[in-house]
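Presented below is the structure to which this report refers.
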Amino acid sequence: TSNSYDTAATVSGDNGKQFRAVASNSEGSVNSNAATLTVSGSSGWQSDQQVGSFYSNYSFMPEVASNANGQVAVVWSTSVNGAQPKLYIRRYDPANGWGADENLLLPLHGSGYGGSLAVGMDNQGTVTAVWDAGDVGYGAGYGYSRVWAVRHTPASGWGTPAMQPLPDHNSNAAGNGWREGAATPALAVNPAGGATVLWVQDKCVQGCVPGARLVAATFGAGGWGELNMLYEQKVESGLSYSPGDIWAATGPDGHAVVIWRRVAYNPANYISSYSRWSMHFTAGTASGSTPVFIADEEVPVGSLPYLETALAVDGQGNAVLAWLEGDFTNGVSNYRVRFSRYGNTAGNWDSPQLLNGSCHYVTHPTVAVAANGNAVVAASNNCDGVHVMAAPWTTSGGWGQQELVFASSYSIPPYPWSVITSDGVPMIIAPVTSDGSLQSSRRVAGQWSGLEEASGASRGSRAKLAPLPGGDVLAVWYGTDGFHRSNIYKAAP
C-alpha cells in the first residue's frame with residue numbers, strides 16, 4: 001500500500017457513490033464498511049478549463065447548443081494552412097462533465113468552408129449543424145455556395161454531410177433548376193426532434209436584376225426531406241423585393257421564428273433600402289405563416305447595412321428581437337440598437353425602442369428569454385465611457401426601466417452575451433478589460449450584482465452561455481491561448 005493515491009477528479013455524477021477499502025496480505029483480504037462520497041463545492045464560477053485538444057490559429061468561434069436536460073454541445077470548425085477543414089464537437093452533461101473531442105472531415109467543394117455555422121440540439125441529444133461552402137460542381141467556373149448539414153448523435157457520432165437539395169424555380173419541389181448560390185443558413189431544431197434548415201437562394205441568370213428566395217427544408221436521420229419557398233422575390237412599381245440575411249430561433253415547445261432583412265432594390269439608381277420581416281413555423285417542418293412586418297431600417301443612403309441581430313423565443317411563441325442599424329443625425333454617424341417584442345396572442349411586433357437612446361454609439365445586441373416569457377435585452381455603448389446596458393421585460397410589467405449592468409475599463413465596446421437561468425435569473429457576461437477578463441453579473445431582486453470573474457488566467461472574448469439545471473450556467477469562449485475554454489457558474493454550493 002501507499003500513503004496516498006491519485007484518482008480522476010470527481011464530478012457531480014460521482015455524488016452518492018459508495019467506496020470500500022480492501023486490505024490484503026498472505027492471510028487473506030478484508031473489506032471495510034462502505035463510505036458514501038459527497039461531491040460539494042462553492043457557489044459562483046468554478047475553475048476554467050480547456051475545451052478541445054486541438055490548437056489552431058484558424059479555429060473559428062465556437063457555437064453552443066443545449067437542451068432541457070442540461071446537455072451542452074460546443075461545435076467549431078478548424079482549418080490549418082489551407083487544408084481540408086474539420087468540424088469539431090465536444091459534449092458536456094451535468095452528471096459526467098466533458099466528453100472527448102470528435103472531429104469530422106468536411107467535404108471540400110470550391111472555396112471550402114464558408115464560416116456561417118449554426119447548430120442546435122434536441123432533447124434526445126442529437127445535434128444538427130449547418131454551414132455554407134463553395135461548390136464548382138454546378139456551373140463550370142463559378143464557385144456557387146451551397147448549404148450543407150450533418151447530424152451528430154450520442155450513440156453513433158457524426159453522420160455523413162449532405163448538400164442541400166436544389167430548388168426548382170418553377171415549383172416548390174426539389175430539383176436542379178437553380179445553379180445560383182445559397183448563403184446565410186439558419187437552423188431551427190425542435191426539442192422533441194426534427195430540424196428545419198433555412199437559407200437564402202439566389203435566383204438570377206447572368207445580367208438579370210439581382211433576386212433571391214427564402215427557402216426552408218427539413219433535415220433528419222434520413223437526410224433532406226420536404227422543401228418549400230417561404231418568401232418569393234417580388235417586383236412592384238419598379239422595385240425588386242427579396243430576402244437578405246436571415247436569423248432563426250426556437251422556443252422550448254418547438255415554436256420557431258425566422259427573421260429576414262427584406263431588400264428593396266431600385267435598378268434605376270442602384271439604391272437599396274431595408275426592412276425587417278418575420279414568419280412563424282414549427283421547427284421540423286418546411287411551411288410557415290403569413291409574413292409579419294417588424295420595422296423599416298434607418299440605413300442612410302451610401303452606408304453599409306449593419307447585420308448584428310439577436311433573437312429568442314419563449315415557451316408561448318412570443319419572440320424578442322434586437323438589431324444594430326445606423327443613422328445620420330446632426331451630421332454624426334450613429335450606431336443604434338433597436339429592440340421589439342412579438343406577442344403571439346396579438347400577432348404583431350410592438351413599436352421598436354432604442355436601447356440607451358441618448359448614446360450615439362450602441363452596438364453588439366444580445367437577447368435572452370425564459371420559458372415563462374420574461375426576457376432581457378442588452379448591448380454595449382461608448383458614451384462617457386464604455387458600458388453594458390440592459391432592458392428587462394416581465395410578464396407582469398412589460399418593459400422596465402433601462403439599467404446599467406456594468407462599466408468596462410476596455411476602450412472598445414465588448415461583446416456581451418446573455419442567458420436566463422433555469423431558476424429565472426438573468427445573467428450577462430462580457431470582457432471588461434483590454435486583456436480579456438470575462439466578468440459576469442446577475443439580476444437578482446431587480447438589481448444587477450457585482451462583477452464575478454469567469455475567465456481566470458486564460459482570458460478570452462465573445463463568451464457564450466448555456467443554462468444548466470439548478471440555476472447553473474456553462475460559459476464557453478475563445479481563449480487568448482488559442483484554445484476554446486469553459487467554466488461553470490454554480491448557483492449553490
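Residues in the C-alpha cells are numbered from 1 in each chain, the chains being A, B, ... in the order shown, and ligands are numbered from 1 in the order shown.
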_With only C-alpha atoms as the counted atoms, please give the residues lying no more than 7 Å from Ala491 of chain A, apart from itself and same-chain residues fewer than 3 positions off, as a ChimeraX atom specification._
/A:43-44,471-472
Limited to N, CA, C and O atoms, could you put the picked residues into a file as a CSV table (one decimal), in the first residue's frame?
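Wrote it out as part_8.csv, contents follow:
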chain,number,residue,atom,x,y,z
A,43,SER,N,-20.3,28.1,-4.4
A,43,SER,CA,-21.1,28.7,-5.5
A,43,SER,C,-20.2,29.7,-6.3
A,43,SER,O,-19.1,30.0,-5.9
A,44,GLY,N,-20.8,30.2,-7.3
A,44,GLY,CA,-20.1,31.1,-8.2
A,44,GLY,C,-19.3,30.4,-9.3
A,44,GLY,O,-19.5,29.2,-9.5
A,471,GLY,N,-30.2,26.2,-11.9
A,471,GLY,CA,-29.8,27.6,-11.9
A,471,GLY,C,-28.3,27.8,-12.3
A,471,GLY,O,-27.9,28.9,-12.3
A,472,ASP,N,-27.6,26.7,-12.6
A,472,ASP,CA,-26.2,26.8,-13.0
A,472,ASP,C,-26.1,27.3,-14.5
A,472,ASP,O,-27.1,27.2,-15.2
_Neighbouring residues of segment 481-490 of chain A were defined as those with any atom within 7 Å, considering only C-alpha atoms; residues of the same chain fewer than 5 positions away were excluded. Please report them as a PyMOL selection string._
chain A and resi 43-52+55-57+454+458+472-476
Filtering to C-alpha atoms, could you give me those residues as an mmCIF file, in the first residue's frame?
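Heads up, here's the output in out-v2.cif:
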data_model
loop_
_atom_site.group_PDB
_atom_site.id
_atom_site.type_symbol
_atom_site.label_atom_id
_atom_site.label_comp_id
_atom_site.auth_asym_id
_atom_site.auth_seq_id
_atom_site.Cartn_x
_atom_site.Cartn_y
_atom_site.Cartn_z
ATOM 1 C CA SER A 43 -21.095 28.734 -5.453
ATOM 2 C CA GLY A 44 -20.069 31.135 -8.212
ATOM 3 C CA TRP A 45 -17.649 30.464 -11.035
ATOM 4 C CA GLN A 46 -15.528 27.350 -10.690
ATOM 5 C CA SER A 47 -12.126 26.767 -12.351
ATOM 6 C CA ASP A 48 -11.892 27.494 -16.079
ATOM 7 C CA GLN A 49 -10.639 24.669 -18.266
ATOM 8 C CA GLN A 50 -9.622 23.964 -21.826
ATOM 9 C CA VAL A 51 -12.289 22.641 -24.184
ATOM 10 C CA GLY A 52 -10.850 20.863 -27.187
ATOM 11 C CA TYR A 55 -4.882 24.173 -31.213
ATOM 12 C CA SER A 56 -5.040 26.297 -34.348
ATOM 13 C CA ASN A 57 -4.859 29.949 -35.259
ATOM 14 C CA ALA A 454 -15.292 33.725 -15.102
ATOM 15 C CA SER A 458 -6.842 32.344 -19.791
ATOM 16 C CA ASP A 472 -26.226 26.814 -13.006
ATOM 17 C CA VAL A 473 -24.686 28.241 -16.198
ATOM 18 C CA LEU A 474 -21.969 26.989 -18.538
ATOM 19 C CA ALA A 475 -19.788 29.551 -20.349
ATOM 20 C CA VAL A 476 -17.652 28.852 -23.421
#
*How many Å lie between atom CA of Ala182 of chain A and atom CA of Ala217 of chain A, rounded to one decimal?*
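So the two atoms, atom CA of Ala182 of chain A and atom CA of Ala217 of chain A, lie 13.0 Å apart.
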*asked:* So that I can see what lies close to Lys234 of chain A, please list as a PyMOL selection string the residues with an atom at most 10 Å from it, counting only C-alpha atoms and leaving out residues fewer than 5 positions away in the same chain.
replied: chain A and resi 211-213+239-243+264
*What is the atom CA of Lys464 of chain A-atom CA of Ala248 of chain A distance in Å, reported with one decimal?*
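So the answer is 17.1 Å.
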*Go through A:Glu232, A:Glu63, A:Asp384, A:Glu27 and flag the residue nearest Ala466 of chain A, using only C-alpha atoms for the distances.*
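Counting only C-alpha atoms, the residue closest to Ala466 of chain A is A:Glu63.
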*Shortest interatomic distance to His387 of chain A - which of A:Thr433, A:Ser237, A:Ser42, A:Asn348, counting only C-alpha atoms*: A:Thr433
*asked:* So the first atom is atom CA of Pro185 of chain A and the second is atom CA of Ala312 of chain A; what is the distance between them in Å, to one decimal place?
replied: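 Those two atoms sit 16.9 Å apart.
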*Which of these, A:Trp148, A:Tyr361, A:Trp199, A:Trp224, has the shortest distance to Ala379 of chain A once you count only C-alpha atoms?*
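Of A:Trp148, A:Tyr361, A:Trp199, A:Trp224, the one nearest Ala379 of chain A is A:Tyr361, counting only C-alpha atoms.
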